[in-house]
Amino acid sequence: MSATLTHTHRADTAAATSVRDLGPTLLRLGLGIMFIAHGLTKLLVWTLPGTAQFFASVGFPGWLAYPVTAVELLGGALLILGVQVRWVALILAIELAFAAIPHLGNGWMFASPNGGWEYPVFLSLTAFALALSGDGRYALMPSYRLPNRG
């Protein structure tokens with residue numbers, strides 16, 4: 001009986017782990033798509049010179065628009081592919097935390113004039129959560145896995 005319970009427990013644990021890995025996978029894919037869209041907006045809608053001008057208007061160096069756009073596009077692609085997700089998500093979380101700074105005085109809702117802080121803060125926290133939770137399934141180059149303590 002003990003062998004049967006152990007076998008059943010292992011099967012249940014494997015199934016739970018398999019389902020649990022879907023959460024970070026879906027989060028990784030969604031954030032990857034969002035970061036690519038965010039970068040493409042800077043590139044194709046506002047244009048890089050326009051984005052640089054906006055950055056300068058809110059107190060950031062204008063030249064920063066170029067590497068930030070590259071980080072969002074490359075970071076989004078790396079998240080989708082599952083390449084070093086913990087590190088990429090951490091970098092993107094920090095980038096979005098800084099992106100929230102110009103919006104802090106505009107109120108909570110991003111639909112407020114000049115955009116509120118809820119959208120960039122939410123995305124920053126979501127990316128940080130992904131950095132903590134890891135790659136999920138189907139990662140091409142998985143990050144270091146934290147030991148399972150429970």
# chains A, B, ... in the order shown; residues from 1 in each chain; ligands from 1
>>> residues_around(residues="Glu118 in chain A", least_positions_apart="5", cutoff="7 Å", atoms="only C-alpha atoms", output="NGL selection string")
:A and (108-110)
>>> write_last_selection(atoms="C-alpha atoms", output="PDB file, in the first residue's frame")
ATOM      1  CA  TRP A 108      -3.426  56.689 -10.907  1.00  0.00           C
ATOM      2  CA  MET A 109      -5.216  55.959 -14.192  1.00  0.00           C
ATOM      3  CA  PHE A 110      -3.075  55.772 -17.306  1.00  0.00           C
TER       4      PHE A 110
END
>>> select_by_dssp(residues="range 16-141 of chain A", states="helix (DSSP H, G or I)", output="NGL selection string")
:A and (16-20 or 22-45 or 48-57 or 62-81 or 85-106 or 118-133)
>>> closest_residue(among="A:Gly32, A:Gly62, A:Pro142, A:Gly105", to="Trp117 in chain A", atoms="only C-alpha atoms")
A:Gly105
>>> atom_distance(atom1="CA of Pro67 in chain A", atom2="CA of Leu48 in chain A")
10.2 Å
>>> closest_residue(among="A:Ala70, A:Pro102, A:Arg28, A:Arg20", to="Lys42 in chain A", atoms="only C-alpha atoms")
A:Ala70
>>> residues_around(residues="range 119-136 of chain A", least_positions_apart="5", cutoff="9 Å", atoms="only C-alpha atoms", output="PyMOL selection string")
chain A and resi 20-28+31+79+82-100+103+108-110+141-146
>>> write_last_selection(atoms="C-alpha atoms", output="PDB file, in the first residue's frame")
ATOM      1  CA  ARG A  20       1.986  25.210 -12.290  1.00  0.00           C
ATOM      2  CA  ASP A  21       4.577  25.767 -15.062  1.00  0.00           C
ATOM      3  CA  LEU A  22       1.824  27.087 -17.336  1.00  0.00           C
ATOM      4  CA  GLY A  23       1.416  30.258 -15.245  1.00  0.00           C
ATOM      5  CA  PRO A  24       4.935  31.593 -15.825  1.00  0.00           C
ATOM      6  CA  THR A  25       4.766  30.458 -19.458  1.00  0.00           C
ATOM      7  CA  LEU A  26       1.601  32.455 -20.124  1.00  0.00           C
ATOM      8  CA  LEU A  27       2.960  35.426 -18.181  1.00  0.00           C
ATOM      9  CA  ARG A  28       6.223  35.237 -20.139  1.00  0.00           C
ATOM     10  CA  LEU A  31       4.781  40.237 -21.265  1.00  0.00           C
ATOM     11  CA  LEU A  79      10.823  36.454 -23.067  1.00  0.00           C
ATOM     12  CA  GLY A  82      12.326  31.739 -23.080  1.00  0.00           C
ATOM     13  CA  VAL A  83      15.946  32.868 -22.991  1.00  0.00           C
ATOM     14  CA  GLN A  84      17.283  33.653 -19.506  1.00  0.00           C
ATOM     15  CA  VAL A  85      13.812  34.769 -18.451  1.00  0.00           C
ATOM     16  CA  ARG A  86      14.674  35.641 -14.840  1.00  0.00           C
ATOM     17  CA  TRP A  87      17.409  38.093 -15.860  1.00  0.00           C
ATOM     18  CA  VAL A  88      15.532  39.561 -18.817  1.00  0.00           C
ATOM     19  CA  ALA A  89      12.362  40.054 -16.745  1.00  0.00           C
ATOM     20  CA  LEU A  90      14.369  41.705 -13.952  1.00  0.00           C
ATOM     21  CA  ILE A  91      15.957  44.168 -16.404  1.00  0.00           C
ATOM     22  CA  LEU A  92      12.548  44.938 -17.915  1.00  0.00           C
ATOM     23  CA  ALA A  93      10.995  45.362 -14.443  1.00  0.00           C
ATOM     24  CA  ILE A  94      13.632  47.955 -13.572  1.00  0.00           C
ATOM     25  CA  GLU A  95      13.167  49.727 -16.919  1.00  0.00           C
ATOM     26  CA  LEU A  96       9.401  49.970 -16.377  1.00  0.00           C
ATOM     27  CA  ALA A  97       9.869  51.181 -12.799  1.00  0.00           C
ATOM     28  CA  PHE A  98      11.883  54.097 -14.183  1.00  0.00           C
ATOM     29  CA  ALA A  99       9.273  54.608 -16.912  1.00  0.00           C
ATOM     30  CA  ALA A 100       6.669  55.131 -14.184  1.00  0.00           C
ATOM     31  CA  HIS A 103       3.719  59.562 -14.521  1.00  0.00           C
ATOM     32  CA  TRP A 108      -3.426  56.689 -10.907  1.00  0.00           C
ATOM     33  CA  MET A 109      -5.216  55.959 -14.192  1.00  0.00           C
ATOM     34  CA  PHE A 110      -3.075  55.772 -17.306  1.00  0.00           C
ATOM     35  CA  MET A 141      17.584  28.730 -22.578  1.00  0.00           C
ATOM     36  CA  PRO A 142      16.211  28.368 -19.042  1.00  0.00           C
ATOM     37  CA  SER A 143      17.384  30.582 -16.225  1.00  0.00           C
ATOM     38  CA  TYR A 144      18.895  29.209 -13.071  1.00  0.00           C
ATOM     39  CA  ARG A 145      16.202  27.435 -11.088  1.00  0.00           C
ATOM     40  CA  LEU A 146      15.895  28.201  -7.408  1.00  0.00           C
TER      41      LEU A 146
END
>>> closest_residue(among="A:Ala77, A:Thr41, A:Val68, A:Val58", to="Leu104 in chain A", atoms="only C-alpha atoms")
A:Val58
>>> atom_distance(atom1="CA of Pro113 in chain A", atom2="CA of Phe54 in chain A")
14.7 Å
